[in-house]
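K.L.:
Contents of start28.cif (mmCIF, C-alpha atoms) are below:
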```
data_final
loop_
_atom_site.label_atom_id
_atom_site.label_comp_id
_atom_site.auth_asym_id
_atom_site.auth_seq_id
_atom_site.Cartn_x
_atom_site.Cartn_y
_atom_site.Cartn_z
CA MET L 774 -1.89 -1.22 7.24
CA ILE L 775 -4.48 -3.55 8.64
CA HIS L 776 -7.79 -2.23 9.80
CA VAL L 777 -10.81 -4.35 10.31
CA ALA L 778 -13.62 -3.13 8.11
CA GLU L 779 -16.59 -2.28 10.29
CA ASP L 780 -19.21 -2.51 7.58
CA ARG L 781 -18.74 -6.18 6.86
CA SER L 782 -21.42 -8.45 8.15
CA ALA L 783 -20.45 -10.57 11.05
CA ALA L 784 -21.35 -13.93 12.46
CA PRO L 785 -22.97 -14.97 15.81
CA PRO L 786 -22.65 -14.97 19.68
CA THR L 787 -25.70 -15.55 21.86
CA PRO L 788 -28.52 -14.23 19.73
CA ALA L 789 -31.21 -15.51 22.04
CA ALA L 790 -29.77 -13.58 24.95
CA ALA L 791 -28.60 -10.57 23.01
CA PRO L 792 -30.85 -7.53 23.13
CA ALA L 793 -31.84 -5.54 20.08
CA LEU L 794 -30.37 -2.07 19.63
CA ASP L 795 -33.64 -0.20 19.76
CA GLY L 796 -32.98 2.14 22.65
CA PRO L 797 -30.90 3.03 25.68
CA GLU L 798 -32.42 0.36 27.90
CA ALA L 799 -31.63 -2.36 25.40
CA PHE L 800 -28.18 -0.92 25.01
CA ARG L 801 -27.66 -1.04 28.74
CA GLN L 802 -28.31 -4.80 28.58
CA LEU L 803 -25.73 -5.04 25.87
CA VAL L 804 -23.19 -3.36 28.15
CA GLU L 805 -23.97 -5.80 30.92
CA LEU L 806 -23.67 -8.79 28.63
CA TYR L 807 -20.44 -7.94 26.90
CA SER L 808 -18.38 -5.50 28.93
CA THR L 809 -16.33 -8.17 30.72
CA ARG L 810 -15.60 -10.16 27.58
CA LEU L 811 -14.61 -7.04 25.71
CA TYR L 812 -12.43 -5.93 28.59
CA ARG L 813 -10.48 -9.19 28.48
CA MET L 814 -10.07 -8.92 24.74
CA ALA L 815 -8.91 -5.33 24.95
CA TYR L 816 -6.48 -6.25 27.69
CA ARG L 817 -5.07 -9.12 25.67
CA MET L 818 -4.59 -6.76 22.77
CA THR L 819 -2.98 -3.90 24.67
CA GLY L 820 -1.60 -5.45 27.87
CA GLN L 821 -2.76 -2.41 29.85
CA THR L 822 -5.70 -2.31 32.23
CA GLN L 823 -6.31 1.39 31.75
CA ASP L 824 -6.32 0.96 28.00
CA ALA L 825 -8.70 -1.96 28.34
CA GLU L 826 -11.15 0.13 30.35
CA ASP L 827 -10.97 2.99 27.88
CA LEU L 828 -11.36 0.67 24.92
CA VAL L 829 -14.50 -0.95 26.28
CA GLN L 830 -15.96 2.50 26.73
CA GLU L 831 -14.90 3.44 23.22
CA THR L 832 -16.33 0.22 21.80
CA PHE L 833 -19.78 0.79 23.20
CA LEU L 834 -19.75 4.42 22.18
CA ARG L 835 -18.84 3.52 18.61
CA ALA L 836 -21.42 0.74 18.63
CA TYR L 837 -24.14 3.09 19.78
CA ARG L 838 -23.28 5.74 17.23
CA HIS L 839 -23.14 3.21 14.44
CA ARG L 840 -26.03 1.06 15.60
CA ALA L 841 -27.85 1.76 12.34
CA THR L 842 -25.13 -0.11 10.46
CA PHE L 843 -25.65 -3.26 12.47
CA GLN L 844 -27.26 -5.92 10.35
CA ALA L 845 -29.70 -7.96 12.33
CA ARG L 846 -28.68 -11.14 10.60
CA ALA L 847 -25.22 -10.62 12.04
CA ASN L 848 -24.13 -11.49 15.51
CA LEU L 849 -24.01 -8.82 18.15
CA GLY L 850 -21.02 -10.28 19.93
CA THR L 851 -18.92 -10.59 16.81
CA TRP L 852 -19.91 -7.09 15.77
CA LEU L 853 -18.77 -5.74 19.14
CA TYR L 854 -15.54 -7.72 18.95
CA ARG L 855 -14.89 -6.19 15.57
CA ILE L 856 -15.38 -2.70 16.91
CA CYS L 857 -13.27 -3.46 19.97
CA LEU L 858 -10.47 -4.86 17.82
CA ASN L 859 -10.52 -1.80 15.60
CA ALA L 860 -10.37 0.46 18.61
CA SER L 861 -7.50 -1.63 20.00
CA LEU L 862 -5.60 -1.46 16.74
CA ASP L 863 -6.11 2.30 16.69
CA ARG L 864 -4.75 2.51 20.21
CA LEU L 865 -1.72 0.40 19.34
CA ARG L 866 -1.14 2.55 16.29
CA GLN L 867 -1.19 5.67 18.43
CA ARG L 868 1.47 4.17 20.65
CA ARG L 869 3.88 3.79 17.82
CA THR L 870 6.26 6.51 16.96
CA GLY L 871 7.12 5.29 13.49
CA GLU L 872 5.08 3.98 10.62
CA ARG L 873 5.49 0.32 11.43
CA SER L 874 2.89 -2.07 10.19
CA LEU L 875 0.46 -3.70 12.55
CA ASP L 876 1.60 -6.95 11.04
CA ASP L 877 4.72 -6.48 13.13
CA PRO L 878 4.85 -7.54 16.75
CA ASP L 879 4.20 -4.90 19.37
CA PRO L 880 7.34 -4.17 21.40
CA ALA L 881 5.37 -2.16 23.95
CA ARG L 882 3.63 -5.29 25.09
CA ALA L 883 6.84 -7.04 26.04
CA ALA L 884 7.23 -4.64 28.92
CA ALA L 885 3.56 -4.65 29.84
CA PRO L 886 2.84 -5.52 33.45
CA VAL L 887 1.33 -8.87 34.24
CA VAL L 888 -1.98 -8.43 35.95
CA SER L 889 -3.77 -11.12 37.87
CA SER L 890 -6.71 -10.14 39.93
CA ALA L 891 -8.50 -13.43 39.52
CA ALA L 892 -5.79 -16.01 39.98
CA GLY L 893 -7.05 -19.58 40.01
CA PRO L 894 -4.93 -22.51 41.16
CA GLU L 895 -3.34 -23.00 37.75
CA ARG L 896 -2.49 -19.36 37.42
CA LEU L 897 -1.03 -19.23 40.89
CA ALA L 898 1.15 -22.19 39.95
CA LEU L 899 2.81 -20.12 37.29
CA SER L 900 5.89 -18.52 38.67
CA GLY L 901 6.51 -14.90 37.94
CA GLU L 902 9.31 -15.86 35.57
CA VAL L 903 7.15 -18.25 33.62
CA ALA L 904 4.30 -15.79 33.44
CA GLY L 905 6.72 -13.16 32.18
CA GLN L 906 7.95 -15.49 29.45
CA VAL L 907 4.44 -16.31 28.36
CA GLN L 908 3.70 -12.60 28.26
CA ALA L 909 6.80 -12.01 26.19
CA ALA L 910 5.88 -14.83 23.83
CA MET L 911 2.45 -13.31 23.32
CA ALA L 912 4.15 -10.03 22.51
CA GLU L 913 5.92 -11.79 19.64
CA LEU L 914 2.63 -12.13 17.86
CA THR L 915 1.30 -9.40 15.65
CA PRO L 916 -1.85 -7.72 16.97
CA VAL L 917 -3.99 -9.54 14.43
CA GLU L 918 -2.42 -12.90 15.27
CA ARG L 919 -2.89 -12.18 18.94
CA ALA L 920 -6.53 -11.25 18.40
CA ALA L 921 -7.21 -14.36 16.34
CA PHE L 922 -5.44 -16.62 18.82
CA ALA L 923 -7.22 -15.05 21.80
CA MET L 924 -10.63 -15.35 20.21
CA ARG L 925 -10.05 -19.03 19.52
CA HIS L 926 -8.12 -20.10 22.58
CA TYR L 927 -9.69 -17.96 25.30
CA GLU L 928 -13.09 -17.07 23.92
CA ASN L 929 -13.67 -20.33 22.05
CA LEU L 930 -15.13 -18.62 18.99
CA SER L 931 -15.64 -20.51 15.77
CA ILE L 932 -13.44 -19.86 12.76
CA ALA L 933 -16.37 -18.18 11.02
CA GLU L 934 -16.85 -15.83 13.94
CA ILE L 935 -13.16 -15.01 14.13
CA GLY L 936 -13.04 -14.42 10.40
CA ALA L 937 -16.05 -12.12 10.62
CA ALA L 938 -14.59 -10.17 13.51
CA LEU L 939 -11.26 -9.73 11.75
CA GLY L 940 -12.60 -9.28 8.25
CA LEU L 941 -10.81 -12.41 7.06
CA ARG L 942 -11.95 -15.40 5.08
CA ASP L 943 -12.11 -18.64 7.02
CA ALA L 944 -8.89 -20.03 5.58
CA ALA L 945 -7.01 -16.84 6.33
CA ALA L 946 -8.39 -16.74 9.85
CA LYS L 947 -7.22 -20.32 10.42
CA ASN L 948 -3.78 -19.62 9.04
CA THR L 949 -3.47 -16.55 11.23
CA ILE L 950 -4.26 -18.61 14.31
CA PHE L 951 -1.89 -21.41 13.33
CA ARG L 952 0.87 -18.93 12.66
CA GLY L 953 0.35 -17.49 16.11
CA VAL L 954 0.51 -20.92 17.74
CA ARG L 955 3.70 -21.78 15.87
CA LYS L 956 5.30 -18.56 17.04
CA LEU L 957 4.30 -19.27 20.61
CA ARG L 958 5.69 -22.78 20.29
CA ARG L 959 9.04 -21.44 19.15
CA ALA L 960 9.14 -18.68 21.74
CA LEU L 961 8.32 -21.01 24.61
CA ALA L 962 10.45 -23.96 23.47
CA PRO L 963 13.33 -23.14 25.87
CA LEU L 964 10.91 -22.98 28.76
CA LEU L 965 9.44 -26.35 27.88
CA GLU L 966 12.90 -27.86 27.50
CA ARG L 967 13.84 -26.75 30.98
CA ALA L 968 10.67 -28.22 32.41
CA ARG L 969 11.54 -31.70 31.15
CA MET R 324 5.62 -42.03 6.60
CA ARG R 325 5.18 -38.33 6.09
CA HIS R 326 4.96 -36.48 9.40
CA LEU R 327 2.53 -33.72 10.25
CA SER R 328 3.55 -30.12 9.72
CA ASP R 329 3.64 -27.60 12.53
CA SER R 330 0.46 -26.03 11.15
CA GLN R 331 -1.29 -29.38 11.28
CA LEU R 332 -0.12 -29.88 14.84
CA ALA R 333 -1.32 -26.39 15.73
CA ALA R 334 -4.67 -27.27 14.21
CA LEU R 335 -4.80 -30.47 16.23
CA SER R 336 -3.97 -28.70 19.44
CA LEU R 337 -6.85 -26.29 18.82
CA GLU R 338 -9.21 -29.05 17.76
CA LEU R 339 -9.40 -27.69 14.25
CA ALA R 340 -7.81 -30.57 12.40
CA PRO R 341 -9.61 -32.84 9.94
CA ALA R 342 -10.14 -36.49 10.73
CA ARG R 343 -7.33 -37.71 8.47
CA THR R 344 -4.82 -35.75 10.51
CA GLN R 345 -6.10 -37.36 13.66
CA ARG R 346 -5.81 -40.79 12.09
CA HIS R 347 -2.17 -40.16 11.32
CA LEU R 348 -1.61 -39.21 14.91
CA GLN R 349 -2.86 -42.54 16.15
CA ALA R 350 -0.19 -44.30 14.13
CA CYS R 351 2.75 -41.95 14.71
CA ALA R 352 4.46 -41.65 18.08
CA ASP R 353 6.78 -38.94 16.81
CA CYS R 354 3.92 -36.65 15.87
CA ARG R 355 2.17 -37.39 19.15
CA SER R 356 5.26 -36.26 20.97
CA ARG R 357 5.47 -33.06 18.94
CA LEU R 358 1.77 -32.45 19.50
CA ALA R 359 2.33 -32.70 23.25
CA ALA R 360 4.66 -29.71 23.02
CA PHE R 361 1.97 -27.66 21.31
CA GLU R 362 -0.55 -28.68 23.92
CA GLN R 363 1.86 -27.63 26.67
CA VAL R 364 2.17 -24.25 25.03
CA LEU R 365 -1.59 -23.84 24.99
CA ALA R 366 -1.81 -24.96 28.61
CA LEU R 367 0.77 -22.37 29.59
CA THR R 368 -0.99 -19.58 27.75
CA ALA R 369 -4.33 -20.65 29.20
CA ALA R 370 -2.88 -20.39 32.68
CA ALA R 371 -1.29 -17.01 32.04
CA PRO R 372 -2.71 -14.19 34.12
CA VAL R 373 -5.36 -12.05 32.60
CA ALA R 374 -6.83 -8.88 33.94
CA GLU R 375 -10.38 -8.92 35.14
CA PRO R 376 -12.39 -5.71 35.12
CA PRO R 377 -12.94 -3.97 38.44
CA ALA R 378 -16.10 -4.71 40.38
CA GLY R 379 -19.14 -2.91 38.98
CA PHE R 380 -17.35 -2.32 35.70
CA SER R 381 -20.40 -2.62 33.47
CA ASP R 382 -22.29 -0.13 35.65
CA THR R 383 -19.39 2.30 35.39
CA VAL R 384 -19.25 1.89 31.63
CA TRP R 385 -22.97 2.45 31.36
CA GLN R 386 -22.92 5.58 33.53
CA ARG R 387 -20.17 7.12 31.41
CA LEU R 388 -21.95 6.17 28.21
CA GLN R 389 -25.26 7.71 29.14
CA ALA R 390 -23.88 11.20 28.70
CA HIS R 391 -23.19 10.41 25.04
CA LEU R 392 -26.32 8.55 24.07
CA ASP R 393 -28.34 11.47 22.78
CA ALA R 394 -26.46 11.55 19.53
CA PRO R 395 -28.50 10.25 16.59
CA PRO R 396 -27.15 7.10 15.00
CA VAL R 397 -24.85 7.41 12.02
CA ARG R 398 -26.86 6.20 9.06
CA PRO R 399 -25.11 3.98 6.56
CA ARG R 400 -24.84 4.95 2.93
CA PRO R 401 -26.99 2.98 0.50
CA ARG R 402 -25.20 -0.07 -0.78
CA PRO R 403 -25.80 -2.59 -3.56
CA LEU R 404 -28.33 -5.36 -3.19
CA ALA R 405 -25.89 -7.89 -1.84
CA ARG R 406 -25.36 -5.67 1.15
CA ALA R 407 -28.72 -3.96 1.31
CA ARG R 408 -30.13 -3.85 4.77
CA VAL R 409 -33.25 -5.82 5.22
CA TRP R 410 -34.67 -3.21 7.56
CA ALA R 411 -34.80 -0.64 4.79
CA LEU R 412 -36.33 -3.18 2.48
CA ALA R 413 -39.06 -4.02 4.92
CA ALA R 414 -39.81 -0.38 5.59
CA SER R 415 -40.11 0.39 1.91
CA LEU R 416 -42.60 -2.39 1.47
CA ALA R 417 -44.60 -1.77 4.59
CA LEU R 418 -47.65 -0.25 2.92
CA VAL R 419 -48.42 -3.31 0.88
CA ALA R 420 -47.47 -5.98 3.34
CA GLY R 421 -51.00 -6.97 4.15
CA LEU R 422 -51.78 -7.52 0.51
CA ALA R 423 -49.27 -10.31 0.31
CA TRP R 424 -51.24 -12.20 2.87
CA ARG R 425 -54.50 -11.55 1.07
CA LEU R 426 -53.06 -12.82 -2.17
CA HIS R 427 -51.69 -15.96 -0.63
CA PRO R 428 -53.59 -18.75 -2.38
CA ARG R 429 -53.90 -20.84 0.77
CA SER R 430 -55.17 -18.00 2.88
CA ALA R 431 -58.76 -16.94 3.37
CA PRO R 432 -59.45 -13.48 1.89
CA SER R 433 -58.95 -10.72 4.38
CA ARG R 434 -58.69 -6.97 4.43
CA PRO R 435 -55.17 -5.67 3.86
CA ILE R 436 -53.43 -4.27 6.88
CA LEU R 437 -51.95 -0.94 5.91
CA VAL R 438 -49.05 0.02 8.05
CA ALA R 439 -47.26 3.33 7.89
CA PRO R 440 -43.67 3.06 6.71
CA SER R 441 -41.11 3.12 9.46
CA ALA R 442 -37.42 3.08 8.72
CA SER R 443 -36.44 2.23 12.24
CA ALA R 444 -38.74 -0.55 13.39
CA PRO R 445 -40.27 -2.72 10.71
CA SER R 446 -42.63 -5.31 12.05
CA PRO R 447 -41.62 -8.95 11.81
CA VAL R 448 -44.99 -9.50 10.16
CA LEU R 449 -43.92 -7.26 7.29
CA LEU R 450 -40.67 -9.11 6.89
CA GLN R 451 -42.60 -12.32 6.94
CA ALA R 452 -44.87 -11.08 4.16
CA VAL R 453 -41.98 -10.22 1.87
CA THR R 454 -40.25 -13.47 2.65
CA GLU R 455 -43.44 -15.36 1.91
CA HIS R 456 -43.69 -13.75 -1.50
CA LEU R 457 -40.11 -14.60 -2.42
CA ASP R 458 -40.46 -18.08 -0.97
CA ARG R 459 -43.43 -18.90 -3.13
CA THR R 460 -41.78 -17.37 -6.17
CA GLN R 461 -38.68 -19.40 -5.57
CA VAL R 462 -40.62 -22.65 -5.20
CA LEU R 463 -42.49 -22.00 -8.42
CA LEU R 464 -39.29 -21.27 -10.34
CA VAL R 465 -37.49 -24.28 -8.92
CA GLU R 466 -40.36 -26.58 -9.83
CA LEU R 467 -40.46 -25.24 -13.37
CA ALA R 468 -36.70 -25.35 -13.77
CA HIS R 469 -36.41 -28.98 -12.74
CA ALA R 470 -39.60 -30.52 -14.06
CA ALA R 471 -39.07 -33.00 -16.90
CA PRO R 472 -41.82 -33.16 -19.53
CA GLY R 473 -42.74 -36.61 -20.69
CA GLY R 474 -45.84 -38.49 -21.68
CA ALA R 475 -46.86 -42.09 -21.41
CA ARG R 476 -44.12 -44.59 -22.29
CA GLY R 477 -41.61 -41.77 -22.34
CA ALA R 478 -43.06 -40.17 -25.45
CA PRO R 479 -42.90 -36.38 -25.61
CA ALA R 480 -46.15 -34.86 -24.51
CA ALA R 481 -47.55 -31.40 -23.95
CA VAL R 482 -47.28 -30.17 -20.41
CA ASN R 483 -50.29 -28.96 -18.49
CA VAL R 484 -49.20 -25.82 -16.74
CA ALA R 485 -52.59 -24.62 -15.51
CA PRO R 486 -51.65 -24.96 -11.81
CA GLU R 487 -48.43 -23.02 -12.36
CA GLN R 488 -50.35 -20.37 -14.26
CA ARG R 489 -52.67 -19.76 -11.34
CA ARG R 490 -49.77 -19.48 -8.93
CA ALA R 491 -47.90 -17.17 -11.26
CA ARG R 492 -50.93 -14.87 -11.60
CA ALA R 493 -51.25 -14.56 -7.85
CA LEU R 494 -47.55 -13.87 -7.50
CA LEU R 495 -47.64 -11.39 -10.34
CA ALA R 496 -50.25 -9.25 -8.60
CA SER R 497 -48.31 -9.02 -5.36
CA ASN R 498 -45.03 -8.67 -7.22
CA ARG R 499 -46.28 -5.52 -8.98
CA LEU R 500 -47.42 -3.96 -5.74
CA TYR R 501 -44.11 -4.68 -4.10
CA GLN R 502 -42.18 -3.34 -7.05
CA GLN R 503 -44.16 -0.10 -7.24
CA ASN R 504 -43.70 0.53 -3.58
CA ALA R 505 -40.02 -0.30 -3.70
CA SER R 506 -39.59 2.20 -6.54
CA ARG R 507 -41.51 4.91 -4.73
CA SER R 508 -39.52 4.47 -1.57
CA GLY R 509 -36.21 4.56 -3.40
CA ASN R 510 -35.27 0.92 -2.88
CA ALA R 511 -33.78 0.58 -6.34
CA ALA R 512 -32.18 -2.78 -5.73
CA MET R 513 -35.39 -4.45 -4.68
CA ALA R 514 -37.35 -2.70 -7.41
CA HIS R 515 -34.85 -4.04 -9.92
CA LEU R 516 -35.15 -7.59 -8.65
CA LEU R 517 -38.93 -7.52 -8.69
CA GLY R 518 -38.88 -5.86 -12.10
CA ALA R 519 -36.74 -8.69 -13.42
CA LEU R 520 -39.15 -11.19 -11.94
CA GLU R 521 -42.18 -9.72 -13.64
CA PRO R 522 -41.56 -10.86 -17.25
CA VAL R 523 -40.81 -14.38 -16.03
CA LEU R 524 -44.04 -14.51 -14.06
CA LEU R 525 -45.91 -12.93 -16.97
CA GLU R 526 -44.68 -15.56 -19.36
CA ILE R 527 -45.79 -18.34 -17.07
CA ALA R 528 -49.12 -16.71 -16.28
CA HIS R 529 -50.00 -16.16 -19.95
CA SER R 530 -48.58 -19.27 -21.51
CA PRO R 531 -51.01 -21.75 -23.12
CA ASP R 532 -52.54 -24.31 -20.80
CA GLN R 533 -50.68 -27.01 -22.69
CA VAL R 534 -47.04 -26.30 -23.43
CA SER R 535 -45.09 -28.39 -25.91
CA PRO R 536 -41.87 -30.08 -24.71
CA ALA R 537 -39.87 -27.67 -26.87
CA GLY R 538 -41.67 -24.66 -25.44
CA TRP R 539 -41.17 -26.07 -21.98
CA ARG R 540 -37.43 -26.41 -22.51
CA GLN R 541 -37.26 -22.86 -23.82
CA LEU R 542 -39.01 -21.60 -20.74
CA GLN R 543 -36.60 -23.53 -18.53
CA ALA R 544 -33.66 -22.15 -20.47
CA ARG R 545 -34.89 -18.60 -20.01
CA ILE R 546 -35.24 -19.10 -16.28
CA ALA R 547 -31.77 -20.61 -16.10
CA THR R 548 -30.02 -17.98 -18.17
CA SER R 549 -31.72 -15.00 -16.55
CA GLY R 550 -30.13 -15.81 -13.19
CA ILE R 551 -33.38 -14.70 -11.60
CA LEU R 552 -33.65 -17.78 -9.42
CA PHE R 553 -30.25 -17.10 -7.92
CA GLN R 554 -31.16 -13.48 -7.21
CA VAL R 555 -34.40 -14.49 -5.55
CA ARG R 556 -32.55 -17.05 -3.44
CA VAL R 557 -30.02 -14.50 -2.25
CA VAL R 558 -32.63 -11.99 -1.15
CA ASP R 559 -34.88 -14.67 0.29
CA GLN R 560 -31.99 -16.08 2.30
CA SER R 561 -31.20 -12.62 3.58
CA LEU R 562 -34.77 -12.17 4.74
CA GLN R 563 -34.85 -15.60 6.33
CA SER R 564 -31.70 -14.80 8.26
CA GLN R 565 -33.32 -11.63 9.45
CA LEU R 566 -36.41 -13.42 10.61
CA HIS R 567 -34.68 -16.41 12.17
CA PRO R 568 -31.23 -15.32 13.33
CA GLN R 569 -30.84 -18.24 15.72
CA GLU R 570 -31.29 -20.72 12.91
CA SER R 571 -28.90 -19.03 10.53
CA ASN R 572 -26.21 -18.22 13.08
CA GLY R 573 -24.17 -20.39 15.30
CA THR R 574 -23.42 -19.53 18.89
CA LEU R 575 -20.60 -17.66 20.45
#
```
Can you give me the file's structure in the form of structure tokens?
P.N.:
Amino acid sequence: MIHVAEDRSAAPPTPAAAPALDGPEAFRQLVELYSTRLYRMAYRMTGQTQDAEDLVQETFLRAYRHRATFQARANLGTWLYRICLNASLDRLRQRRTGERSLDDPDPARAAAPVVSSAAGPERLALSGEVAGQVQAAMAELTPVERAAFAMRHYENLSIAEIGAALGLRDAAAKNTIFRGVRKLRRALAPLLERAR
Amino acid sequence: MRHLSDSQLAALSLELAPARTQRHLQACADCRSRLAAFEQVLALTAAAPVAEPPAGFSDTVWQRLQAHLDAPPVRPRPRPLARARVWALAASLALVAGLAWRLHPRSAPSRPILVAPSASAPSPVLLQAVTEHLDRTQVLLVELAHAAPGGARGAPAAVNVAPEQRRARALLASNRLYQQNASRSGNAAMAHLLGALEPVLLEIAHSPDQVSPAGWRQLQARIATSGILFQVRVVDQSLQSQLHPQESNGTL
């Protein structure tokens, strides 16, 4: 069963802007800097807004408790992503009734509601049906594939950062992302055919 | 012509493909067409709705967190050198940090700054002092390891190592202080590294002023086979990353 090791060193986000972990005030800055990004990641992992809120809370709580394990040469953002992903995987695991591996896709996500509180023009252009199919295609990915894909495609992280957050070597991180894209390509092929 | 695989097309669509893959694309209409499908997929997923947190979310998170922030941090278990935290290293060496500056050959003599050990907030100056010591040690070892003895017209000649001797003596003094303090403070990994450095520095410091080519090669061989240079590099790199995170890390 996959679990991202929290004691591995991680790579970098915005070190210049990131506060140190010396005390509550610095930690408050950390919350301000990263809570939205972590919320989006948690939502992409779980498909549930309530879960996303809880997971952000859980992430910062774990980070604060384990702040002594943070290695200053690592990157705060990647470290937080790692914690958030672990918390998300734990949450997904709790949802399951059986002992299925997290390498399997998450059926619960297929029925997850589509949420759009910040719809830009492109998003508004997506019909409900199309959005539902994209959501379903994302649900075909395993949680780790989904996390890797989201970090690359939505958060624009480097391969090294993704690898650090997931506890994977660079090559494995790349392959995980590519596998996710191939699955999405297959799942959305009928939709693209119809659009031609 | 061999066409690109789906993985290569996925890499291209995410701008992760090597140049040779891109060159193929310029010459292959079929692969360009297949790539377009991948790009459409990414465009669709980029446009898919995503939840945004409610207004004031970070404030809410912070308010809820505050109730839990009194708990002391969970301290990590000691780990081997490769994973040793630089903070602990710096704290263990805090008492002798000022001495490193005093022993620096390019520095004017000054009184050592004695700082009480602190496991939680080592000063950057202390880290700098340790890094400086390992930096200078590394430079000395690299110069010795790569220097080629040779006299006029290529004839073998004795090597004058007086400058290296002086540097090694200065390093030896600070190295001993660091090692003793690392041992006392329980930093076994660092104490081991510095302990391994000592005989190498001793040999250089007490070698004859003029070393024969054969003796020189033996010294180089001992440096190479001991692996000490590699160990120093690893720890030095770790300290450098600690001191200059922006330079060693990319950006998110």
K.L.:
For Ser861 of chain L, find every residue with an atom within 8 Å (counting only C-alpha atoms), except residues of its own chain fewer than 5 positions away, and show them as a VMD selection string.
P.N.:
chain L and resid 815 818 to 819 828
K.L.:
Please produce a file of those selected residues containing C-alpha atoms, as a PDB file, in the frame of the given file.
P.N.:
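Here's the written file result-v5.pdb:
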```pdb
ATOM      1  CA  ALA L 815      -8.910  -5.330  24.950  1.00  0.00           C
ATOM      2  CA  MET L 818      -4.590  -6.760  22.770  1.00  0.00           C
ATOM      3  CA  THR L 819      -2.980  -3.900  24.670  1.00  0.00           C
ATOM      4  CA  LEU L 828     -11.360   0.670  24.920  1.00  0.00           C
TER       5      LEU L 828
END
```
K.L.:
Output the residue selection produced by the PyMOL selection byres ((chain R and resi 521-523) around 12) on the file above, formatted as an mmCIF file with C-alpha atoms, in the frame of the given file.
P.N.:
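Written file, part.cif:
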```
data_model
loop_
_atom_site.group_PDB
_atom_site.id
_atom_site.type_symbol
_atom_site.label_atom_id
_atom_site.label_comp_id
_atom_site.auth_asym_id
_atom_site.auth_seq_id
_atom_site.Cartn_x
_atom_site.Cartn_y
_atom_site.Cartn_z
ATOM 1 C CA THR R 460 -41.780 -17.370 -6.170
ATOM 2 C CA GLN R 461 -38.680 -19.400 -5.570
ATOM 3 C CA LEU R 463 -42.490 -22.000 -8.420
ATOM 4 C CA LEU R 464 -39.290 -21.270 -10.340
ATOM 5 C CA LEU R 467 -40.460 -25.240 -13.370
ATOM 6 C CA ALA R 468 -36.700 -25.350 -13.770
ATOM 7 C CA GLN R 488 -50.350 -20.370 -14.260
ATOM 8 C CA ALA R 491 -47.900 -17.170 -11.260
ATOM 9 C CA ARG R 492 -50.930 -14.870 -11.600
ATOM 10 C CA ALA R 493 -51.250 -14.560 -7.850
ATOM 11 C CA LEU R 494 -47.550 -13.870 -7.500
ATOM 12 C CA LEU R 495 -47.640 -11.390 -10.340
ATOM 13 C CA ALA R 496 -50.250 -9.250 -8.600
ATOM 14 C CA SER R 497 -48.310 -9.020 -5.360
ATOM 15 C CA ASN R 498 -45.030 -8.670 -7.220
ATOM 16 C CA ARG R 499 -46.280 -5.520 -8.980
ATOM 17 C CA LEU R 500 -47.420 -3.960 -5.740
ATOM 18 C CA TYR R 501 -44.110 -4.680 -4.100
ATOM 19 C CA GLN R 502 -42.180 -3.340 -7.050
ATOM 20 C CA GLN R 503 -44.160 -0.100 -7.240
ATOM 21 C CA ALA R 514 -37.350 -2.700 -7.410
ATOM 22 C CA HIS R 515 -34.850 -4.040 -9.920
ATOM 23 C CA LEU R 516 -35.150 -7.590 -8.650
ATOM 24 C CA LEU R 517 -38.930 -7.520 -8.690
ATOM 25 C CA GLY R 518 -38.880 -5.860 -12.100
ATOM 26 C CA ALA R 519 -36.740 -8.690 -13.420
ATOM 27 C CA LEU R 520 -39.150 -11.190 -11.940
ATOM 28 C CA LEU R 524 -44.040 -14.510 -14.060
ATOM 29 C CA LEU R 525 -45.910 -12.930 -16.970
ATOM 30 C CA GLU R 526 -44.680 -15.560 -19.360
ATOM 31 C CA ILE R 527 -45.790 -18.340 -17.070
ATOM 32 C CA ALA R 528 -49.120 -16.710 -16.280
ATOM 33 C CA HIS R 529 -50.000 -16.160 -19.950
ATOM 34 C CA SER R 530 -48.580 -19.270 -21.510
ATOM 35 C CA LEU R 542 -39.010 -21.600 -20.740
ATOM 36 C CA GLN R 543 -36.600 -23.530 -18.530
ATOM 37 C CA ALA R 544 -33.660 -22.150 -20.470
ATOM 38 C CA ARG R 545 -34.890 -18.600 -20.010
ATOM 39 C CA ILE R 546 -35.240 -19.100 -16.280
ATOM 40 C CA ALA R 547 -31.770 -20.610 -16.100
ATOM 41 C CA THR R 548 -30.020 -17.980 -18.170
ATOM 42 C CA SER R 549 -31.720 -15.000 -16.550
ATOM 43 C CA GLY R 550 -30.130 -15.810 -13.190
ATOM 44 C CA ILE R 551 -33.380 -14.700 -11.600
ATOM 45 C CA LEU R 552 -33.650 -17.780 -9.420
#
```
K.L.:
Skip Thr809 of chain L itself and residues of its chain fewer than 2 positions away, then list as a list in words all residues within 9 Å of it, counting all atoms listed in the file.
P.N.:
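The contact residues come out as Val804, Glu805, Leu806, Tyr807, Leu811, Tyr812, Arg813, Met814 and Val829 of chain L; Glu375, Pro376, Phe380 and Ser381 of chain R.
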K.L.:
Just say which residues the PyMOL selection byres ((chain L and resi 952-965) around 7) picks in this file, as a list in words.
P.N.:
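Taken over the shown coordinates, the PyMOL selection byres ((chain L and resi 952-965) around 7) returns Ala910, Met911, Leu914, Glu918, Arg919, Phe922, Asn948, Thr949, Ile950, Phe951, Glu966, Arg967, Ala968 and Arg969 of chain L; Asp329, Ala333, Phe361 and Val364 of chain R.
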K.L.:
Under the rule that all atoms listed in the file are counted, which of R:Ala366, R:Cys354, R:Leu327, R:Ala374 is the nearest residue to chain L?
P.N.:
R:Ala374
K.L.:
What is the distance between atom CA of Tyr837 of chain L and atom CA of Ala938 of chain L, in Å to one decimal?
P.N.:
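Straight-line distance from atom CA of Tyr837 of chain L to atom CA of Ala938 of chain L works out to 17.5 Å.
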